[in-house]
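Enquirer: Provided herewith: entry03.pdb, PDB, C-alpha atoms.
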ATOM      1  CA  MET A  15     317.151 -34.459 131.621  1.00  0.00           C
ATOM      2  CA  ILE A  16     316.540 -31.396 129.409  1.00  0.00           C
ATOM      3  CA  PHE A  17     312.861 -32.266 128.933  1.00  0.00           C
ATOM      4  CA  GLU A  18     312.327 -32.949 132.630  1.00  0.00           C
ATOM      5  CA  ILE A  19     313.916 -29.676 133.772  1.00  0.00           C
ATOM      6  CA  ILE A  20     311.986 -27.534 131.265  1.00  0.00           C
ATOM      7  CA  LYS A  21     308.713 -29.330 132.044  1.00  0.00           C
ATOM      8  CA  ILE A  22     309.163 -28.797 135.792  1.00  0.00           C
ATOM      9  CA  LEU A  23     310.059 -25.145 135.181  1.00  0.00           C
ATOM     10  CA  ALA A  24     306.922 -24.647 133.058  1.00  0.00           C
ATOM     11  CA  LEU A  25     304.816 -26.174 135.850  1.00  0.00           C
ATOM     12  CA  GLN A  26     306.398 -23.827 138.401  1.00  0.00           C
ATOM     13  CA  VAL A  27     305.520 -20.768 136.293  1.00  0.00           C
ATOM     14  CA  GLU A  28     301.997 -22.072 135.704  1.00  0.00           C
ATOM     15  CA  ASN A  29     301.356 -22.742 139.406  1.00  0.00           C
ATOM     16  CA  TYR A  30     302.658 -19.354 140.518  1.00  0.00           C
ATOM     17  CA  THR A  31     301.102 -17.139 137.845  1.00  0.00           C
ATOM     18  CA  ASP A  32     297.885 -19.042 136.972  1.00  0.00           C
ATOM     19  CA  LEU A  33     298.854 -18.799 133.303  1.00  0.00           C
ATOM     20  CA  ASN A  34     298.323 -21.645 130.850  1.00  0.00           C
ATOM     21  CA  VAL A  35     301.962 -22.614 130.252  1.00  0.00           C
ATOM     22  CA  GLU A  36     302.797 -25.193 127.604  1.00  0.00           C
ATOM     23  CA  LEU A  37     306.111 -26.684 126.561  1.00  0.00           C
ATOM     24  CA  GLY A  38     306.170 -26.545 122.760  1.00  0.00           C
ATOM     25  CA  ASN A  39     307.688 -25.178 119.589  1.00  0.00           C
ATOM     26  CA  ILE A  40     306.369 -21.646 119.057  1.00  0.00           C
ATOM     27  CA  ALA A  41     307.029 -22.062 115.308  1.00  0.00           C
ATOM     28  CA  ASN A  42     304.130 -24.564 115.194  1.00  0.00           C
ATOM     29  CA  VAL A  43     301.520 -22.270 116.743  1.00  0.00           C
ATOM     30  CA  ASP A  44     299.700 -21.689 113.415  1.00  0.00           C
ATOM     31  CA  SER A  45     300.065 -25.259 112.137  1.00  0.00           C
ATOM     32  CA  GLN A  46     297.757 -28.232 112.679  1.00  0.00           C
ATOM     33  CA  ASN A  47     300.274 -29.605 115.217  1.00  0.00           C
ATOM     34  CA  GLY A  48     300.135 -26.408 117.259  1.00  0.00           C
ATOM     35  CA  ASN A  49     296.437 -26.272 118.135  1.00  0.00           C
ATOM     36  CA  GLY A  50     297.215 -26.706 121.841  1.00  0.00           C
ATOM     37  CA  LEU A  51     299.527 -23.661 121.800  1.00  0.00           C
ATOM     38  CA  ASN A  52     296.922 -20.965 121.097  1.00  0.00           C
ATOM     39  CA  ASN A  53     296.111 -18.492 123.892  1.00  0.00           C
ATOM     40  CA  ARG A  54     298.918 -19.823 126.080  1.00  0.00           C
ATOM     41  CA  THR A  55     302.382 -18.988 127.305  1.00  0.00           C
ATOM     42  CA  VAL A  56     304.668 -21.252 125.286  1.00  0.00           C
ATOM     43  CA  VAL A  57     308.132 -22.305 126.467  1.00  0.00           C
ATOM     44  CA  THR A  58     310.495 -23.088 123.571  1.00  0.00           C
ATOM     45  CA  LEU A  59     314.112 -24.221 123.708  1.00  0.00           C
ATOM     46  CA  VAL A  60     315.763 -21.989 121.093  1.00  0.00           C
ATOM     47  CA  ASN A  61     319.424 -22.766 121.747  1.00  0.00           C
ATOM     48  CA  TYR A  62     321.927 -24.262 124.165  1.00  0.00           C
ATOM     49  CA  ASN A  63     325.659 -24.151 124.761  1.00  0.00           C
ATOM     50  CA  GLU A  64     328.196 -25.921 126.910  1.00  0.00           C
ATOM     51  CA  GLU A  65     329.367 -24.194 130.077  1.00  0.00           C
ATOM     52  CA  GLY A  66     333.111 -24.108 129.370  1.00  0.00           C
ATOM     53  CA  THR A  67     334.132 -23.192 132.906  1.00  0.00           C
ATOM     54  CA  LEU A  68     332.830 -26.537 134.191  1.00  0.00           C
ATOM     55  CA  ARG A  69     334.456 -28.652 131.504  1.00  0.00           C
ATOM     56  CA  ASN A  70     337.375 -29.931 133.591  1.00  0.00           C
ATOM     57  CA  VAL A  71     335.506 -31.639 136.394  1.00  0.00           C
ATOM     58  CA  PRO A  72     336.943 -34.832 137.905  1.00  0.00           C
ATOM     59  CA  ASN A  73     335.672 -37.953 136.199  1.00  0.00           C
ATOM     60  CA  ARG A  74     336.820 -40.436 138.832  1.00  0.00           C
ATOM     61  CA  ARG A  75     334.737 -41.257 141.890  1.00  0.00           C
ATOM     62  CA  ILE A  76     335.732 -43.342 144.902  1.00  0.00           C
ATOM     63  CA  GLU A  77     333.343 -45.619 146.756  1.00  0.00           C
ATOM     64  CA  GLY A  78     334.767 -47.691 149.574  1.00  0.00           C
ATOM     65  CA  ASP A  79     337.960 -49.348 148.369  1.00  0.00           C
ATOM     66  CA  ARG A  80     337.164 -49.015 144.633  1.00  0.00           C
ATOM     67  CA  SER A  81     337.864 -46.232 142.154  1.00  0.00           C
ATOM     68  CA  TYR A  82     335.502 -45.771 139.172  1.00  0.00           C
ATOM     69  CA  LEU A  83     336.336 -43.906 135.949  1.00  0.00           C
ATOM     70  CA  GLN A  84     333.426 -42.314 134.059  1.00  0.00           C
ATOM     71  CA  GLN A  85     333.022 -39.887 131.199  1.00  0.00           C
ATOM     72  CA  PRO A  86     332.837 -36.336 132.593  1.00  0.00           C
ATOM     73  CA  SER A  87     329.377 -34.801 132.764  1.00  0.00           C
ATOM     74  CA  VAL A  88     328.287 -32.170 130.247  1.00  0.00           C
ATOM     75  CA  SER A  89     327.163 -28.855 131.729  1.00  0.00           C
ATOM     76  CA  LEU A  90     324.703 -26.976 129.525  1.00  0.00           C
ATOM     77  CA  ASN A  91     323.101 -23.564 129.449  1.00  0.00           C
ATOM     78  CA  LEU A  92     319.635 -23.597 127.885  1.00  0.00           C
ATOM     79  CA  PHE A  93     318.098 -20.563 126.190  1.00  0.00           C
ATOM     80  CA  LEU A  94     314.337 -20.607 126.769  1.00  0.00           C
ATOM     81  CA  LEU A  95     311.898 -18.342 124.964  1.00  0.00           C
ATOM     82  CA  PHE A  96     308.666 -17.604 126.829  1.00  0.00           C
ATOM     83  CA  SER A  97     306.092 -16.376 124.294  1.00  0.00           C
ATOM     84  CA  ASN A  98     302.435 -15.518 124.751  1.00  0.00           C
ATOM     85  CA  THR A  99     300.044 -16.385 121.901  1.00  0.00           C
ATOM     86  CA  ARG A 100     296.907 -14.546 123.054  1.00  0.00           C
ATOM     87  CA  ASN A 101     295.015 -12.688 120.355  1.00  0.00           C
ATOM     88  CA  ASN A 102     294.558  -9.749 122.729  1.00  0.00           C
ATOM     89  CA  TYR A 103     297.917  -7.953 122.664  1.00  0.00           C
ATOM     90  CA  GLU A 104     297.369  -6.117 125.945  1.00  0.00           C
ATOM     91  CA  GLU A 105     296.592  -9.356 127.786  1.00  0.00           C
ATOM     92  CA  ALA A 106     299.619 -11.021 126.185  1.00  0.00           C
ATOM     93  CA  LEU A 107     301.858  -8.243 127.532  1.00  0.00           C
ATOM     94  CA  LYS A 108     300.347  -8.667 131.000  1.00  0.00           C
ATOM     95  CA  ASP A 109     301.055 -12.400 130.858  1.00  0.00           C
ATOM     96  CA  ILE A 110     304.687 -11.843 129.857  1.00  0.00           C
ATOM     97  CA  SER A 111     304.978  -9.378 132.753  1.00  0.00           C
ATOM     98  CA  LYS A 112     303.828 -12.153 135.102  1.00  0.00           C
ATOM     99  CA  VAL A 113     306.612 -14.412 133.794  1.00  0.00           C
ATOM    100  CA  LEU A 114     309.148 -11.629 134.412  1.00  0.00           C
ATOM    101  CA  GLU A 115     307.811 -11.076 137.940  1.00  0.00           C
ATOM    102  CA  TYR A 116     308.005 -14.771 138.726  1.00  0.00           C
ATOM    103  CA  PHE A 117     311.649 -15.124 137.694  1.00  0.00           C
ATOM    104  CA  GLN A 118     312.545 -11.867 139.416  1.00  0.00           C
ATOM    105  CA  SER A 119     311.593 -13.496 142.726  1.00  0.00           C
ATOM    106  CA  HIS A 120     312.502 -17.118 141.838  1.00  0.00           C
ATOM    107  CA  ARG A 121     315.955 -17.267 140.278  1.00  0.00           C
ATOM    108  CA  VAL A 122     317.470 -20.417 141.797  1.00  0.00           C
ATOM    109  CA  PHE A 123     315.784 -23.808 141.546  1.00  0.00           C
ATOM    110  CA  THR A 124     316.849 -26.833 143.558  1.00  0.00           C
ATOM    111  CA  GLN A 125     315.255 -30.113 144.481  1.00  0.00           C
ATOM    112  CA  SER A 126     314.431 -28.758 147.947  1.00  0.00           C
ATOM    113  CA  ASN A 127     312.737 -25.485 146.874  1.00  0.00           C
ATOM    114  CA  THR A 128     310.878 -26.816 143.821  1.00  0.00           C
ATOM    115  CA  ASP A 129     307.500 -28.507 144.077  1.00  0.00           C
ATOM    116  CA  TYR A 130     307.144 -31.344 141.548  1.00  0.00           C
ATOM    117  CA  ASN A 131     306.041 -34.968 141.380  1.00  0.00           C
ATOM    118  CA  ARG A 132     309.226 -36.811 142.353  1.00  0.00           C
ATOM    119  CA  ALA A 133     307.768 -40.193 141.349  1.00  0.00           C
ATOM    120  CA  GLN A 134     307.191 -38.871 137.819  1.00  0.00           C
ATOM    121  CA  TYR A 135     310.825 -37.732 137.472  1.00  0.00           C
ATOM    122  CA  PRO A 136     312.921 -40.345 139.342  1.00  0.00           C
ATOM    123  CA  ASN A 137     316.152 -39.408 137.525  1.00  0.00           C
ATOM    124  CA  LEU A 138     316.117 -35.915 139.022  1.00  0.00           C
ATOM    125  CA  ASP A 139     317.601 -36.773 142.382  1.00  0.00           C
ATOM    126  CA  ASN A 140     319.766 -33.687 142.746  1.00  0.00           C
ATOM    127  CA  PHE A 141     319.655 -30.522 140.654  1.00  0.00           C
ATOM    128  CA  GLN A 142     320.367 -26.832 140.846  1.00  0.00           C
ATOM    129  CA  PHE A 143     319.947 -24.283 138.104  1.00  0.00           C
ATOM    130  CA  HIS A 144     319.643 -20.511 137.801  1.00  0.00           C
ATOM    131  CA  MET A 145     317.395 -18.397 135.590  1.00  0.00           C
ATOM    132  CA  ASP A 146     318.900 -15.214 134.132  1.00  0.00           C
ATOM    133  CA  LEU A 147     317.124 -12.728 131.901  1.00  0.00           C
ATOM    134  CA  HIS A 148     319.005 -12.768 128.594  1.00  0.00           C
ATOM    135  CA  SER A 149     318.968  -9.489 126.690  1.00  0.00           C
ATOM    136  CA  ILE A 150     319.596  -9.641 122.960  1.00  0.00           C
ATOM    137  CA  SER A 151     319.957  -7.065 120.193  1.00  0.00           C
ATOM    138  CA  PHE A 152     317.186  -6.200 117.724  1.00  0.00           C
ATOM    139  CA  GLU A 153     319.178  -8.000 115.041  1.00  0.00           C
ATOM    140  CA  ASP A 154     319.364 -11.216 117.089  1.00  0.00           C
ATOM    141  CA  LEU A 155     315.682 -10.923 118.002  1.00  0.00           C
ATOM    142  CA  ASN A 156     314.818 -10.564 114.324  1.00  0.00           C
ATOM    143  CA  TYR A 157     316.948 -13.598 113.519  1.00  0.00           C
ATOM    144  CA  ILE A 158     315.278 -15.739 116.218  1.00  0.00           C
ATOM    145  CA  TRP A 159     311.756 -14.895 115.092  1.00  0.00           C
ATOM    146  CA  GLY A 160     312.736 -15.229 111.436  1.00  0.00           C
ATOM    147  CA  SER A 161     313.981 -18.755 112.062  1.00  0.00           C
ATOM    148  CA  LEU A 162     310.800 -19.537 114.030  1.00  0.00           C
ATOM    149  CA  GLY A 163     308.485 -18.602 111.176  1.00  0.00           C
ATOM    150  CA  GLY A 164     308.456 -14.826 111.073  1.00  0.00           C
ATOM    151  CA  LYS A 165     305.399 -14.068 113.227  1.00  0.00           C
ATOM    152  CA  GLN A 166     306.492 -12.345 116.434  1.00  0.00           C
ATOM    153  CA  TYR A 167     304.668 -12.668 119.753  1.00  0.00           C
ATOM    154  CA  PRO A 168     305.271 -10.827 123.038  1.00  0.00           C
ATOM    155  CA  SER A 169     308.132 -12.775 124.555  1.00  0.00           C
ATOM    156  CA  VAL A 170     311.095 -12.845 126.892  1.00  0.00           C
ATOM    157  CA  LEU A 171     314.299 -14.880 126.627  1.00  0.00           C
ATOM    158  CA  TYR A 172     315.924 -16.538 129.645  1.00  0.00           C
ATOM    159  CA  LYS A 173     319.199 -18.345 130.080  1.00  0.00           C
ATOM    160  CA  LEU A 174     318.854 -21.397 132.291  1.00  0.00           C
ATOM    161  CA  ARG A 175     322.239 -22.157 133.856  1.00  0.00           C
ATOM    162  CA  VAL A 176     323.457 -25.023 134.403  1.00  0.00           C
ATOM    163  CA  VAL A 177     322.000 -28.421 133.553  1.00  0.00           C
ATOM    164  CA  ASN A 178     324.404 -31.287 134.193  1.00  0.00           C
ATOM    165  CA  ILE A 179     323.968 -34.298 131.983  1.00  0.00           C
ATOM    166  CA  ALA A 180     325.814 -37.426 133.025  1.00  0.00           C
ATOM    167  CA  GLU A 181     325.330 -41.062 132.218  1.00  0.00           C
ATOM    168  CA  ASP A 182     326.008 -43.451 135.073  1.00  0.00           C
ATOM    169  CA  HIS A 183     328.234 -45.639 132.907  1.00  0.00           C
ATOM    170  CA  VAL A 184     331.540 -46.880 134.329  1.00  0.00           C
ATOM    171  CA  ILE A 185     334.421 -47.055 131.842  1.00  0.00           C
ATOM    172  CA  ASP A 186     336.970 -48.611 134.178  1.00  0.00           C
ATOM    173  CA  GLN A 187     337.362 -49.517 137.823  1.00  0.00           C
ATOM    174  CA  ALA A 188     340.285 -50.411 140.039  1.00  0.00           C
ATOM    175  CA  GLY A 189     341.182 -51.049 143.645  1.00  0.00           C
ATOM    176  CA  ILE A 190     342.677 -48.307 145.785  1.00  0.00           C
ATOM    177  CA  LEU A 191     346.110 -48.597 147.329  1.00  0.00           C
ATOM    178  CA  GLY A 192     345.252 -48.714 151.028  1.00  0.00           C
ATOM    179  CA  GLN A 193     348.601 -48.376 152.797  1.00  0.00           C
ATOM    180  CA  THR A 194     352.310 -48.763 152.216  1.00  0.00           C
ATOM    181  CA  SER A 195     354.928 -50.115 154.558  1.00  0.00           C
ATOM    182  CA  PHE A 196     358.599 -49.325 154.935  1.00  0.00           C
ATOM    183  CA  ASN A 197     361.070 -52.035 155.916  1.00  0.00           C
ATOM    184  CA  ALA A 198     363.851 -50.358 157.968  1.00  0.00           C
ATOM    185  CA  GLN A 199     366.022 -53.506 158.018  1.00  0.00           C
ATOM    186  CA  ASN A 200     366.300 -53.659 154.205  1.00  0.00           C
ATOM    187  CA  SER A 201     367.046 -49.970 154.117  1.00  0.00           C
ATOM    188  CA  THR A 202     370.011 -50.404 156.551  1.00  0.00           C
ATOM    189  CA  GLN A 203     371.434 -53.395 154.661  1.00  0.00           C
ATOM    190  CA  ASN A 204     371.315 -51.463 151.385  1.00  0.00           C
ATOM    191  CA  GLY A 205     373.267 -48.564 152.826  1.00  0.00           C
ATOM    192  CA  GLY A 206     370.261 -46.483 153.764  1.00  0.00           C
ATOM    193  CA  ASN A 207     370.129 -44.515 150.526  1.00  0.00           C
ATOM    194  CA  GLN A 208     370.200 -47.060 147.748  1.00  0.00           C
ATOM    195  CA  PRO A 209     367.077 -48.285 145.989  1.00  0.00           C
ATOM    196  CA  LEU A 210     365.478 -51.516 147.271  1.00  0.00           C
TER     197      LEU A 210
END
Now, as a test, write the supplied structure out as structure tokens.
Expert:
Amino acid sequence: MIFEIIKILALQVENYTDLNVELGNIANVDSQNGNGLNNRTVVTLVNYNEEGTLRNVPNRRIEGDRSYLQQPSVSLNLFLLFSNTRNNYEEALKDISKVLEYFQSHRVFTQSNTDYNRAQYPNLDNFQFHMDLHSISFEDLNYIWGSLGGKQYPSVLYKLRVVNIAEDHVIDQAGILGQTSFNAQNSTQNGGNQPL
């Protein structure tokens, strides 16, 4: 689910901005594995965390006359770094500005407002996530680029909220109590207020 969402997001940015957008690890840009990342806008997952406010969602669903118990879904926030690896610094800044402009006008993504190949991603039947610009301190920025290899590129960090990850695995199932009946005759014989 994480791969599919980030890949679709990268395609949306590429289609809107006409940039060459690639999903990849920006730390590999100078290595032999990173040849396809040169002169592109690279999307890198740098961190994630669980959305604590959505932790206590119901984990029981009802279909017909059956009740199904499942593990609760995990709601994640993904921190995505959009970096531009052009050799021309001015052009790299222009490309990052295009990414900022795109997300300024496209903040909410759903299945209905996102153009993607549905046959290629059959597990994405219903999604909604939001893109928020995530500002960080110079110290945190230095730490991120230090952990990614030290070479800094023009970049912007976004927080993608919320990706729900759930496995369709049933732990337990049971029938549902449909209706109860009250026998007035037994109640009268027992004095009306004694247990049956």
Enquirer: Expanded to explicit residues, what is the PyMOL selection byres ((chain A and resi 161-176) around 6) for this file, as a ChimeraX atom specification?
Expert: /A:41,89-98,143-148,158-160,177
Enquirer: In Å, with one decimal, what is the gap from CA of Ile110 (chain A) to CA of Asn63 (chain A)?
Expert: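 According to the coordinates, CA of Ile110 (chain A) and CA of Asn63 (chain A) are separated by 24.8 Å.
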Enquirer: Please provide the set of residues having any atom within 7 Å of Ala24 (chain A), restricted to all atoms listed in the file, with same-chain residues fewer than 6 positions apart removed, written as a list in words.
Expert: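 These residues fall inside the cut-off: Val35, Glu36 and Leu37 of chain A.
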Enquirer: Could you jot down the CA of Ile22 (chain A) to CA of Thr58 (chain A) separation for me, Å, one decimal place?
Expert: 13.6 Å
Enquirer: Enter the distance from CA of Asn102 (chain A) to CA of Leu155 (chain A), in Å, rounded to one decimal.
Expert: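 Distance between the two atoms: 21.7 Å.
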Enquirer: Build an axis-aligned box that encloses every atom of region 98-110 of chain A listed in the file, pad it by 4 Å on each side, and report its centre and edge lengths in Å to one decimal, as AutoDock Vina command-line options.
Expert:
--center_x 299.6 --center_y -11.3 --center_z 125.7 --size_x 18.1 --size_y 18.3 --size_z 18.6
Enquirer: Between A:Leu51, A:Ala133, A:Leu114, A:Ile19, which is the closest to Asn101 (chain A) once you count only C-alpha atoms?
Expert: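 Using only C-alpha atoms, Asn101 (chain A) sits closest to A:Leu51.
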Enquirer: Would you translate the PyMOL selection byres ((chain A and resi 109) around 10) into the concrete set of residues it matches in this file, as a list in words?
Expert: Thr31, Asp32, Leu33, Asn34, Arg54, Thr55, Ser97, Asn98, Thr99, Arg100, Tyr103, Glu104, Glu105, Ala106, Leu107, Lys108, Ile110, Ser111, Lys112, Val113, Leu114, Glu115, Pro168 and Ser169 of chain A
Enquirer: Only C-alpha atoms, please: the residues just picked out, written as a PDB file, keeping the file's coordinate frame.
Expert:
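Writing done, so here's part.pdb:
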ATOM      1  CA  THR A  31     301.102 -17.139 137.845  1.00  0.00           C
ATOM      2  CA  ASP A  32     297.885 -19.042 136.972  1.00  0.00           C
ATOM      3  CA  LEU A  33     298.854 -18.799 133.303  1.00  0.00           C
ATOM      4  CA  ASN A  34     298.323 -21.645 130.850  1.00  0.00           C
ATOM      5  CA  ARG A  54     298.918 -19.823 126.080  1.00  0.00           C
ATOM      6  CA  THR A  55     302.382 -18.988 127.305  1.00  0.00           C
ATOM      7  CA  SER A  97     306.092 -16.376 124.294  1.00  0.00           C
ATOM      8  CA  ASN A  98     302.435 -15.518 124.751  1.00  0.00           C
ATOM      9  CA  THR A  99     300.044 -16.385 121.901  1.00  0.00           C
ATOM     10  CA  ARG A 100     296.907 -14.546 123.054  1.00  0.00           C
ATOM     11  CA  TYR A 103     297.917  -7.953 122.664  1.00  0.00           C
ATOM     12  CA  GLU A 104     297.369  -6.117 125.945  1.00  0.00           C
ATOM     13  CA  GLU A 105     296.592  -9.356 127.786  1.00  0.00           C
ATOM     14  CA  ALA A 106     299.619 -11.021 126.185  1.00  0.00           C
ATOM     15  CA  LEU A 107     301.858  -8.243 127.532  1.00  0.00           C
ATOM     16  CA  LYS A 108     300.347  -8.667 131.000  1.00  0.00           C
ATOM     17  CA  ILE A 110     304.687 -11.843 129.857  1.00  0.00           C
ATOM     18  CA  SER A 111     304.978  -9.378 132.753  1.00  0.00           C
ATOM     19  CA  LYS A 112     303.828 -12.153 135.102  1.00  0.00           C
ATOM     20  CA  VAL A 113     306.612 -14.412 133.794  1.00  0.00           C
ATOM     21  CA  LEU A 114     309.148 -11.629 134.412  1.00  0.00           C
ATOM     22  CA  GLU A 115     307.811 -11.076 137.940  1.00  0.00           C
ATOM     23  CA  PRO A 168     305.271 -10.827 123.038  1.00  0.00           C
ATOM     24  CA  SER A 169     308.132 -12.775 124.555  1.00  0.00           C
TER      25      SER A 169
END
